[in-house]
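**Student:** Please find final34.csv (CSV, C-alpha atoms and all ligand atoms) on the next line:
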```csv
chain,number,residue,atom,x,y,z
A,1,MET,CA,-53.6,-12.3,20.8
A,2,THR,CA,-53.4,-13.7,17.4
A,3,GLY,CA,-57.2,-13.4,17.1
A,4,GLN,CA,-56.9,-9.7,16.6
A,5,HIS,CA,-55.3,-10.3,13.2
A,6,PRO,CA,-57.8,-10.8,10.4
A,7,GLY,CA,-55.9,-13.8,9.1
A,8,GLY,CA,-55.4,-15.2,12.6
A,9,VAL,CA,-52.1,-17.0,13.2
A,10,ARG,CA,-51.6,-17.4,9.5
A,11,ARG,CA,-50.8,-13.7,9.0
A,12,SER,CA,-49.5,-13.0,12.5
A,13,ARG,CA,-46.1,-11.4,13.2
A,14,ASP,CA,-46.7,-11.6,16.9
A,15,VAL,CA,-43.5,-13.5,17.5
A,16,PRO,CA,-44.0,-14.4,21.2
A,17,ALA,CA,-47.5,-15.7,20.5
A,18,LEU,CA,-46.3,-17.7,17.5
A,19,VAL,CA,-43.4,-19.2,19.5
A,20,ALA,CA,-45.7,-20.0,22.4
A,21,GLY,CA,-48.1,-21.6,19.9
A,22,ALA,CA,-45.3,-23.7,18.3
A,23,ARG,CA,-44.1,-24.7,21.8
A,24,SER,CA,-47.6,-26.0,22.6
A,25,GLY,CA,-47.7,-28.0,19.4
A,26,ASP,CA,-50.0,-25.7,17.2
A,27,PRO,CA,-49.2,-26.8,13.6
A,28,ARG,CA,-50.4,-23.4,12.3
A,29,ALA,CA,-47.9,-21.5,14.4
A,30,VAL,CA,-45.1,-23.8,13.2
A,31,ALA,CA,-46.2,-23.3,9.6
A,32,ARG,CA,-46.4,-19.6,10.0
A,33,LEU,CA,-42.9,-19.4,11.6
A,34,ILE,CA,-41.4,-21.4,8.7
A,35,THR,CA,-43.1,-19.1,6.3
A,36,LEU,CA,-41.4,-16.1,8.0
A,37,VAL,CA,-38.1,-17.9,7.6
A,38,GLU,CA,-38.8,-18.7,3.9
A,39,ASN,CA,-39.7,-15.1,3.2
A,40,ASN,CA,-36.8,-13.6,5.1
A,41,ASP,CA,-39.3,-11.6,7.1
A,42,PRO,CA,-38.1,-8.6,9.1
A,43,ALA,CA,-39.4,-10.4,12.2
A,44,LEU,CA,-36.8,-13.1,11.6
A,45,ALA,CA,-34.2,-11.8,14.0
A,46,GLU,CA,-36.8,-11.8,16.8
A,47,VAL,CA,-37.9,-15.3,15.9
A,48,ALA,CA,-34.3,-16.5,15.9
A,49,ALA,CA,-33.7,-14.9,19.3
A,50,ALA,CA,-36.9,-16.5,20.8
A,51,LEU,CA,-35.9,-20.0,19.4
A,52,ALA,CA,-32.3,-19.9,20.4
A,53,PRO,CA,-32.8,-21.8,23.7
A,54,TYR,CA,-34.2,-24.8,21.9
A,55,SER,CA,-31.4,-25.0,19.4
A,56,GLY,CA,-29.6,-28.4,19.1
A,57,THR,CA,-32.3,-30.4,20.7
A,58,ALA,CA,-33.2,-32.5,17.6
A,59,GLN,CA,-31.3,-35.2,15.7
A,60,VAL,CA,-31.0,-33.7,12.2
A,61,ILE,CA,-31.0,-36.2,9.4
A,62,GLY,CA,-30.4,-35.2,5.8
A,63,LEU,CA,-31.7,-37.4,2.9
A,64,THR,CA,-30.3,-36.7,-0.4
A,65,GLY,CA,-29.9,-38.4,-3.8
A,66,SER,CA,-30.9,-38.1,-7.5
A,67,PRO,CA,-34.5,-37.2,-8.5
A,68,GLY,CA,-36.8,-40.2,-8.2
A,69,VAL,CA,-34.4,-42.3,-6.2
A,70,GLY,CA,-37.1,-42.8,-3.5
A,71,LYS,CA,-36.3,-40.0,-0.9
A,72,SER,CA,-39.9,-39.1,-0.2
A,73,THR,CA,-41.0,-42.8,0.0
A,74,THR,CA,-38.1,-43.5,2.4
A,75,THR,CA,-38.9,-40.3,4.4
A,76,ASN,CA,-42.5,-41.4,4.8
A,77,ASP,CA,-41.3,-44.9,6.0
A,78,LEU,CA,-38.9,-43.3,8.4
A,79,VAL,CA,-41.6,-41.1,9.9
A,80,ARG,CA,-43.7,-44.2,10.5
A,81,ALA,CA,-40.8,-46.1,12.1
A,82,LEU,CA,-39.8,-43.1,14.3
A,83,ARG,CA,-43.4,-42.5,15.4
A,84,ALA,CA,-43.8,-46.1,16.3
A,85,GLN,CA,-40.9,-45.5,18.7
A,86,GLY,CA,-42.8,-42.5,20.1
A,87,ARG,CA,-40.4,-39.9,18.7
A,88,ARG,CA,-41.7,-36.6,17.5
A,89,VAL,CA,-40.7,-35.9,13.9
A,90,GLY,CA,-40.3,-32.9,11.7
A,91,VAL,CA,-39.9,-33.2,7.9
A,92,LEU,CA,-38.5,-30.4,5.7
A,93,ALA,CA,-38.6,-31.1,1.9
A,94,VAL,CA,-36.2,-28.5,0.6
A,95,ASP,CA,-35.9,-27.5,-3.0
A,96,PRO,CA,-32.7,-25.7,-3.9
A,97,SER,CA,-34.0,-24.5,-7.2
A,98,SER,CA,-35.7,-21.1,-7.1
A,99,PRO,CA,-38.6,-20.9,-7.6
A,100,PHE,CA,-39.3,-24.5,-6.9
A,101,SER,CA,-41.5,-26.9,-9.0
A,102,GLY,CA,-44.9,-27.4,-7.6
A,103,GLY,CA,-45.1,-30.9,-9.1
A,104,ALA,CA,-42.6,-32.7,-7.0
A,105,ILE,CA,-43.8,-31.0,-3.8
A,106,LEU,CA,-47.4,-31.9,-4.6
A,107,GLY,CA,-46.3,-35.5,-5.1
A,108,ASP,CA,-44.6,-35.3,-1.6
A,109,ARG,CA,-47.8,-33.9,-0.1
A,110,VAL,CA,-49.9,-36.8,-1.5
A,111,ARG,CA,-47.4,-39.4,-0.4
A,112,MET,CA,-47.1,-37.8,3.1
A,113,GLN,CA,-50.9,-38.0,3.6
A,114,ASP,CA,-50.3,-41.1,5.6
A,115,HIS,CA,-49.3,-38.8,8.5
A,116,ALA,CA,-51.8,-36.0,7.9
A,117,THR,CA,-53.7,-36.6,11.1
A,118,ASP,CA,-50.8,-37.4,13.3
A,119,THR,CA,-50.0,-34.5,15.7
A,120,GLY,CA,-46.5,-35.8,16.4
A,121,VAL,CA,-45.4,-35.0,12.9
A,122,TYR,CA,-44.8,-31.7,11.1
A,123,ILE,CA,-44.3,-31.9,7.3
A,124,ARG,CA,-43.3,-28.9,5.3
A,125,SER,CA,-42.0,-28.2,1.8
A,126,MET,CA,-39.9,-25.1,1.6
A,127,SER,CA,-37.9,-23.2,-0.9
A,128,SER,CA,-35.3,-20.4,-0.5
A,129,ARG,CA,-36.8,-18.2,-3.2
A,130,GLY,CA,-37.3,-15.2,-0.8
A,131,HIS,CA,-34.4,-15.8,1.4
A,132,LEU,CA,-31.4,-13.6,0.8
A,133,GLY,CA,-29.0,-16.0,2.5
A,134,GLY,CA,-30.3,-18.9,0.4
A,135,LEU,CA,-30.8,-22.4,1.7
A,136,ALA,CA,-27.7,-22.4,3.8
A,137,ALA,CA,-29.3,-19.7,6.0
A,138,ALA,CA,-32.9,-20.7,5.7
A,139,THR,CA,-32.7,-24.4,6.4
A,140,PRO,CA,-31.1,-24.3,9.9
A,141,GLN,CA,-33.6,-21.6,11.0
A,142,ALA,CA,-36.5,-23.8,9.8
A,143,VAL,CA,-34.9,-26.7,11.7
A,144,ARG,CA,-34.9,-24.5,14.8
A,145,VAL,CA,-38.6,-23.8,14.4
A,146,LEU,CA,-39.1,-27.6,14.4
A,147,GLU,CA,-36.8,-28.0,17.5
A,148,GLY,CA,-38.9,-25.3,19.2
A,149,ALA,CA,-42.0,-27.4,18.4
A,150,GLY,CA,-40.5,-30.3,20.3
A,151,CYS,CA,-39.3,-32.5,17.4
A,152,ASP,CA,-36.8,-35.2,18.5
A,153,VAL,CA,-35.8,-35.9,14.9
A,154,VAL,CA,-35.9,-33.6,11.9
A,155,LEU,CA,-35.6,-35.2,8.4
A,156,VAL,CA,-34.4,-32.8,5.7
A,157,GLU,CA,-35.1,-34.1,2.2
A,158,THR,CA,-33.2,-32.3,-0.6
A,159,VAL,CA,-34.1,-32.6,-4.2
A,160,GLY,CA,-31.5,-32.9,-7.0
A,161,VAL,CA,-27.8,-33.2,-7.1
A,162,GLY,CA,-25.1,-30.6,-7.1
A,163,GLN,CA,-23.6,-28.0,-4.9
A,164,ALA,CA,-26.8,-26.9,-3.2
A,165,GLU,CA,-27.5,-30.4,-2.2
A,166,VAL,CA,-24.0,-30.8,-0.7
A,167,GLU,CA,-24.6,-27.6,1.1
A,168,VAL,CA,-27.8,-28.6,2.7
A,169,ALA,CA,-26.5,-32.1,3.5
A,170,SER,CA,-23.7,-30.5,5.4
A,171,LEU,CA,-26.3,-28.9,7.7
A,172,ALA,CA,-27.3,-32.3,9.0
A,173,ASP,CA,-25.8,-34.3,11.9
A,174,THR,CA,-26.2,-37.5,9.8
A,175,THR,CA,-26.5,-37.6,6.0
A,176,LEU,CA,-28.2,-40.4,4.2
A,177,VAL,CA,-27.3,-40.7,0.5
A,178,LEU,CA,-29.8,-42.8,-1.5
A,179,LEU,CA,-28.9,-44.6,-4.6
A,180,ALA,CA,-30.9,-46.8,-6.9
A,181,PRO,CA,-29.9,-49.4,-9.5
A,182,GLY,CA,-29.6,-48.4,-13.1
A,183,MET,CA,-29.4,-44.6,-12.6
A,184,GLY,CA,-25.7,-44.3,-13.0
A,185,ASP,CA,-26.0,-43.1,-9.4
A,186,ALA,CA,-22.8,-44.6,-8.1
A,187,ILE,CA,-20.7,-42.9,-10.7
A,188,GLN,CA,-22.6,-39.6,-10.2
A,189,ALA,CA,-22.0,-39.9,-6.5
A,190,PHE,CA,-18.2,-39.8,-6.9
A,191,LYS,CA,-18.4,-36.9,-9.3
A,192,ALA,CA,-20.6,-34.7,-7.1
A,193,GLY,CA,-18.4,-35.3,-4.1
A,194,ILE,CA,-21.3,-37.0,-2.4
A,195,LEU,CA,-19.1,-39.8,-1.2
A,196,GLU,CA,-17.5,-37.4,1.2
A,197,ILE,CA,-20.7,-36.2,2.7
A,198,ALA,CA,-22.4,-39.6,3.1
A,199,ASP,CA,-22.6,-41.1,6.6
A,200,ILE,CA,-25.0,-43.8,5.5
A,201,PHE,CA,-25.6,-45.2,2.0
A,202,VAL,CA,-28.9,-46.7,1.1
A,203,VAL,CA,-29.3,-48.7,-2.1
A,204,ASN,CA,-33.1,-48.3,-2.6
A,205,LYS,CA,-35.2,-50.1,-5.1
A,206,ALA,CA,-33.4,-53.3,-4.1
A,207,ASP,CA,-36.3,-55.1,-5.8
A,208,ARG,CA,-34.9,-54.0,-9.1
A,209,ASP,CA,-32.2,-55.6,-11.4
A,210,GLY,CA,-28.8,-54.1,-10.9
A,211,ALA,CA,-29.2,-53.5,-7.1
A,212,ASP,CA,-26.3,-55.9,-6.4
A,213,ALA,CA,-24.0,-54.1,-8.9
A,214,THR,CA,-24.8,-50.7,-7.3
A,215,TYR,CA,-24.2,-52.2,-3.9
A,216,ARG,CA,-20.8,-53.5,-5.0
A,217,ASP,CA,-19.8,-50.3,-6.7
A,218,ILE,CA,-20.4,-48.2,-3.6
A,219,GLN,CA,-18.7,-50.7,-1.3
A,220,GLY,CA,-15.7,-50.7,-3.6
A,221,ALA,CA,-15.6,-46.9,-3.5
A,222,ILE,CA,-15.7,-46.8,0.3
A,223,ALA,CA,-13.0,-49.4,0.5
A,224,LEU,CA,-10.7,-47.2,-1.5
A,225,GLY,CA,-10.9,-44.3,1.0
A,226,GLU,CA,-8.3,-44.3,3.7
A,227,ARG,CA,-9.7,-44.3,7.1
A,228,GLY,CA,-8.2,-44.4,10.6
A,229,PRO,CA,-9.5,-46.8,13.2
A,230,ASP,CA,-11.5,-44.1,14.9
A,231,GLU,CA,-13.1,-42.8,11.8
A,232,TRP,CA,-16.7,-43.6,10.8
A,233,ARG,CA,-17.1,-46.1,8.0
A,234,PRO,CA,-20.3,-45.5,6.1
A,235,PRO,CA,-22.5,-48.6,6.1
A,236,VAL,CA,-24.2,-49.5,2.9
A,237,LEU,CA,-27.8,-50.7,3.4
A,238,ARG,CA,-30.4,-52.1,1.0
A,239,ALA,CA,-34.1,-51.0,1.1
A,240,VAL,CA,-37.3,-51.4,-0.8
A,241,ALA,CA,-38.9,-48.2,0.5
A,242,LEU,CA,-42.1,-48.9,-1.6
A,243,ARG,CA,-42.7,-51.9,0.6
A,244,GLY,CA,-41.2,-50.5,3.8
A,245,GLU,CA,-38.3,-53.0,3.7
A,246,GLY,CA,-35.0,-52.2,5.3
A,247,ILE,CA,-36.3,-49.1,7.2
A,248,ASP,CA,-35.7,-50.4,10.7
A,249,GLU,CA,-32.0,-51.0,9.7
A,250,ILE,CA,-31.8,-47.4,8.5
A,251,VAL,CA,-33.1,-46.1,11.8
A,252,ALA,CA,-30.6,-48.3,13.7
A,253,ALA,CA,-27.8,-47.0,11.5
A,254,MET,CA,-28.9,-43.4,12.1
A,255,ASP,CA,-28.9,-44.0,15.9
A,256,LYS,CA,-25.5,-45.8,15.7
A,257,HIS,CA,-24.0,-42.8,13.8
A,258,ARG,CA,-25.5,-40.4,16.4
A,259,GLN,CA,-23.8,-42.4,19.2
A,260,TRP,CA,-20.5,-42.3,17.2
A,261,LEU,CA,-20.8,-38.5,16.7
A,262,GLU,CA,-21.3,-38.0,20.4
A,263,SER,CA,-18.6,-40.2,21.6
A,264,HIS,CA,-16.0,-38.7,19.2
A,265,GLY,CA,-16.8,-35.0,19.8
A,266,GLU,CA,-17.9,-34.8,16.2
A,267,LEU,CA,-21.5,-33.7,17.0
A,268,THR,CA,-20.1,-30.5,18.6
A,269,ARG,CA,-17.7,-30.0,15.7
A,270,ARG,CA,-20.3,-30.4,13.1
A,271,ARG,CA,-22.8,-28.1,14.8
A,272,ARG,CA,-20.2,-25.4,15.2
A,273,ALA,CA,-19.3,-25.7,11.6
A,274,ARG,CA,-23.0,-25.4,10.8
A,275,ALA,CA,-23.4,-22.3,13.0
A,276,ALA,CA,-20.4,-20.7,11.3
A,277,ALA,CA,-21.9,-21.3,7.9
A,278,GLU,CA,-25.2,-19.9,9.0
A,279,VAL,CA,-23.7,-16.7,10.5
A,280,GLU,CA,-21.5,-16.2,7.5
A,281,ALA,CA,-24.5,-16.6,5.1
A,282,ILE,CA,-26.6,-14.1,7.1
A,283,ALA,CA,-23.7,-11.6,7.3
A,284,LEU,CA,-22.9,-11.9,3.6
A,285,ALA,CA,-26.6,-11.4,2.7
A,286,ALA,CA,-26.7,-8.3,4.9
A,287,LEU,CA,-23.5,-7.0,3.3
A,288,ARG,CA,-24.8,-7.7,-0.2
A,289,SER,CA,-28.1,-5.9,0.5
A,290,ARG,CA,-26.2,-2.9,1.8
A,291,ILE,CA,-24.0,-2.7,-1.2
A,292,GLY,CA,-27.1,-3.0,-3.3
A,293,SER,CA,-28.7,-0.1,-1.6
A,294,LEU,CA,-25.5,1.9,-2.0
A,295,ARG,CA,-25.9,1.5,-5.7
A,296,ASN,CA,-29.0,3.7,-5.5
A,297,GLY,CA,-27.4,6.2,-3.1
A,298,THR,CA,-24.6,8.7,-3.9
A,299,ALA,CA,-21.5,6.9,-2.5
A,300,LEU,CA,-21.1,4.4,-5.3
A,301,PRO,CA,-21.9,6.6,-8.2
A,302,SER,CA,-19.5,9.3,-7.1
A,303,LEU,CA,-16.7,6.7,-6.5
A,304,ALA,CA,-17.4,5.2,-9.9
A,305,GLU,CA,-17.2,8.6,-11.5
A,306,ARG,CA,-13.7,9.1,-10.0
A,307,VAL,CA,-12.6,5.6,-11.0
A,308,ALA,CA,-13.8,6.1,-14.6
A,309,ALA,CA,-12.0,9.5,-14.8
A,310,GLY,CA,-8.8,7.9,-13.6
A,311,GLU,CA,-8.7,9.9,-10.4
A,312,LEU,CA,-9.0,6.9,-8.1
A,313,ASP,CA,-8.1,3.2,-8.5
A,314,PRO,CA,-10.9,0.6,-8.0
A,315,TYR,CA,-9.2,-1.0,-5.0
A,316,ALA,CA,-9.1,2.2,-3.1
A,317,ALA,CA,-12.7,2.9,-4.1
A,318,ALA,CA,-13.8,-0.5,-2.9
A,319,SER,CA,-12.1,0.0,0.4
A,320,GLN,CA,-13.7,3.4,0.8
A,321,LEU,CA,-17.1,1.8,0.0
A,322,LEU,CA,-16.6,-1.0,2.6
A,323,SER,CA,-15.5,1.4,5.3
A,324,GLY,CA,-18.7,3.3,4.8
A,325,LEU,CA,-20.9,0.3,5.5
A,326,GLY,CA,-20.8,0.4,9.2
A,327,SER,CA,-21.8,-2.6,11.4
A,328,TYR,CA,-24.7,-5.0,11.3
A,329,GLU,CA,-27.7,-3.5,13.0
A,401,LIG,N1,-39.6,-50.5,-7.5
A,401,LIG,C1,-39.4,-49.6,-6.5
A,401,LIG,N2,-39.9,-48.3,-6.7
A,401,LIG,C2,-39.8,-47.4,-5.7
A,401,LIG,C3,-39.2,-47.8,-4.4
A,401,LIG,N3,-39.1,-46.7,-3.6
A,401,LIG,C4,-39.8,-45.7,-4.3
A,401,LIG,N4,-40.1,-46.1,-5.6
A,401,LIG,C5,-40.9,-45.4,-6.6
A,401,LIG,O1,-40.0,-44.4,-7.2
A,401,LIG,C6,-40.7,-43.3,-7.6
A,401,LIG,C7,-40.0,-42.0,-7.0
A,401,LIG,O2,-40.1,-42.1,-5.5
A,401,LIG,P1,-40.0,-40.8,-4.6
A,401,LIG,O3,-40.0,-41.3,-3.2
A,401,LIG,O4,-41.0,-39.8,-5.0
A,401,LIG,O5,-38.5,-40.3,-5.0
A,401,LIG,P2,-37.8,-38.9,-4.6
A,401,LIG,O6,-36.4,-39.2,-4.5
A,401,LIG,O7,-38.5,-38.3,-3.4
A,401,LIG,O8,-38.1,-38.0,-5.9
A,401,LIG,P3,-37.9,-36.4,-6.1
A,401,LIG,O9,-38.4,-35.8,-4.8
A,401,LIG,O10,-38.8,-36.1,-7.2
A,401,LIG,O11,-36.4,-36.2,-6.3
A,401,LIG,C8,-42.1,-43.5,-7.1
A,401,LIG,O12,-42.9,-43.9,-8.2
A,401,LIG,C9,-42.0,-44.5,-6.0
A,401,LIG,O13,-43.2,-45.3,-5.9
A,401,LIG,C10,-38.7,-49.1,-4.3
A,401,LIG,O14,-38.1,-49.5,-3.3
A,401,LIG,N5,-38.8,-49.9,-5.3
A,402,MG,MG,-39.3,-36.3,-3.1
```
Translate this structure into structure tokens?
**Tutor:**
Amino acid sequence: MTGQHPGGVRRSRDVPALVAGARSGDPRAVARLITLVENNDPALAEVAAALAPYSGTAQVIGLTGSPGVGKSTTTNDLVRALRAQGRRVGVLAVDPSSPFSGGAILGDRVRMQDHATDTGVYIRSMSSRGHLGGLAAATPQAVRVLEGAGCDVVLVETVGVGQAEVEVASLADTTLVLLAPGMGDAIQAFKAGILEIADIFVVNKADRDGADATYRDIQGAIALGERGPDEWRPPVLRAVALRGEGIDEIVAAMDKHRQWLESHGELTRRRRARAAAEVEAIALAALRSRIGSLRNGTALPSLAERVAAGELDPYAAASQLLSGLGSYE
């Protein structure tokens, strides 16, 4: 099937063949499907339909924190620990900036070489440069590709701090926020609202001076928050990712959080919220692209002419424009 294409599976848009390939564990088919997601390919609706049955089968873990805090090193360690337990793992290194910097990603590739020959691991860097819906729409679809490929756990590493990071973190079942001593991280964390999205805190680089102070700062901040007896209290763990220390404790905390999510109905709630955000992002992108194409047509220019001439008010014109958009194909 895919052999008929000059570039083989790499260029293929034969969605059933690609999905079958991904299901049987072909890493090239997985990579190709994620590329389709990244590029907002026209075949995407078909890909999404084919992958829908596998949705929700993986534990989705977000890793976030300031640049250089040790996310990739920790991810690498987590992959090793999860593989040792026989779990299949997918890794998405997501860069919210567009276009993304090759340097950091190359660094990730090199560091992730440990797992290059392991068929139970898929590692992929992705950006949202071509995706109209941005990361909010692209990331969950890439997660679905990895779920389709049979991953039990998907680790999503997000670079940087800020709104995009919070957005991506909110797509995970469990969010790990990494901090490191001496980076002003704890204070930054409160500012960026990261305290609210963290399910687990990890003070990495615990081999460095100031780790105890960072640990105390974050414990203090958690203690200030009001929490009911049934609410999750984020644990604060220490790690030296460079030496693989503290990793088993992170895996244990991830699994404990997962159990808590399930027993409190929170997993369903989070996944519904995630689906709502995804549908909204896709719908908004479609709407934006339609309005964009209207600009080149006749409807908008003729409405604009009447608004400029004082014959029509802009609200009535906008409402006429929207009523002409029709429904999503
Ligand atoms: N001393 C010490 N250094 C560490 C530790 N963990 C990671 N590092 C070092 O910190 C640097 C950054 O680590 P990365 O894992 O690339 O950090 P990152 O958060 O993925 O960085 P970006 O993706 O660029 O945001 C590297 O030089 C690591 O070797 C640790 O536990 N202790
Ligand atoms: Mg990294």
**Student:** Wanna dump the chain A-ligand LIG 401 (chain A) contacts at 6 Å for me, each residue with its shortest atom pair and the distance in Å to one decimal, counting all atoms listed in the file, ordered by chain and number, as a tab-separated table?
**Tutor:**
```
residue	atom	partner	partner_atom	distance
A:Ser66	CA	A:LIG401	O11	5.9
A:Pro67	CA	A:LIG401	O11	3.1
A:Gly68	CA	A:LIG401	O8	3.4
A:Val69	CA	A:LIG401	O6	4.1
A:Gly70	CA	A:LIG401	O5	3.2
A:Lys71	CA	A:LIG401	O6	3.7
A:Ser72	CA	A:LIG401	O7	3.6
A:Thr73	CA	A:LIG401	O3	3.7
A:Ala104	CA	A:LIG401	O10	5.1
A:Val159	CA	A:LIG401	O11	4.8
A:Gly160	CA	A:LIG401	O11	5.9
A:Asn204	CA	A:LIG401	O14	5.2
A:Lys205	CA	A:LIG401	O14	3.5
A:Asp207	CA	A:LIG401	N5	5.8
A:Val240	CA	A:LIG401	O14	3.2
A:Ala241	CA	A:LIG401	O14	4.1
A:Leu242	CA	A:LIG401	C3	4.2
```
**Student:** Could you please determine the separation between atom CA of A:Gly86 and atom CA of A:Thr35 in Å, to one decimal place?
**Tutor:**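 According to the coordinates, atom CA of A:Gly86 and atom CA of A:Thr35 are separated by 27.2 Å.
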**Student:** Can you tell me how far atom CA of A:Phe201 sits from atom CA of A:Ala275, in Å to one decimal?
**Tutor:**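 Between atom CA of A:Phe201 and atom CA of A:Ala275 the gap works out to 25.5 Å.
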**Student:** Return the single residue from A:Gln85, A:Ser12, A:Gln259, A:Gln141 that is closest to A:Val279, with distances computed using only C-alpha atoms.
**Tutor:**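 Ranked by minimum distance to A:Val279, first place goes to A:Gln141.
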**Student:** When you count all atoms listed in the file, which of these residues is closest to ligand MG 402 (chain A): A:Arg238, A:Arg124, A:Arg243, A:Arg83?
**Tutor:**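 Of all the options, A:Arg124 lies closest to ligand MG 402 (chain A).
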**Student:** What's the 9 Å shell around A:Gly210, counting all atoms listed in the file, without same-chain residues fewer than 4 positions away, as number ranges by chain?
**Tutor:** A: 180-182, 206, 214-215
**Student:** Which residue out of A:Ile218, A:Val145, A:Trp260, A:Leu178 has the minimum interatomic distance to ligand MG 402 (chain A) when all atoms listed in the file are used?
**Tutor:**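 That would be A:Leu178, the residue with the smallest distance to ligand MG 402 (chain A).
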**Student:** Counting all atoms listed in the file, figure out which residue out of A:Ser302, A:Thr268, A:Asn76, A:Thr57 gets nearest to ligand MG 402 (chain A).
**Tutor:** A:Asn76
**Student:** Counting only C-alpha atoms, which residues sit no farther than 9 Å from the position (-33.0, -34.2, 20.8) in the file's frame? I'd like them as a PyMOL selection string.
**Tutor:** chain A and resi 56-60+147+150-153
**Student:** Give me the residues near A:Leu63 as JSON, numbers by chain, where near means some atom within 8 Å (using all atoms listed in the file) and where sequence neighbours in that chain fewer than 4 positions away do not count.
**Tutor:** {"A": [71, 75, 155, 156, 157, 158, 169, 175, 176, 177, 178]}
**Student:** Under the rule that only C-alpha atoms and all ligand atoms are counted, which of A:Leu82, A:Val121, A:Leu92, A:Leu287 is the nearest residue to ligand MG 402 (chain A)?
**Tutor:** A:Leu92
**Student:** To one decimal place in Å, what is the distance between atom CA of A:Ala239 and atom CA of A:Ala252?
**Tutor:**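 One can read the atom CA of A:Ala239 to atom CA of A:Ala252 distance as 13.4 Å.
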**Student:** For ligand MG 402 (chain A), which of A:Thr74, A:Glu226, A:Ile247, A:Ala29 is the closest residue, counting only C-alpha atoms and all ligand atoms?
**Tutor:** A:Thr74
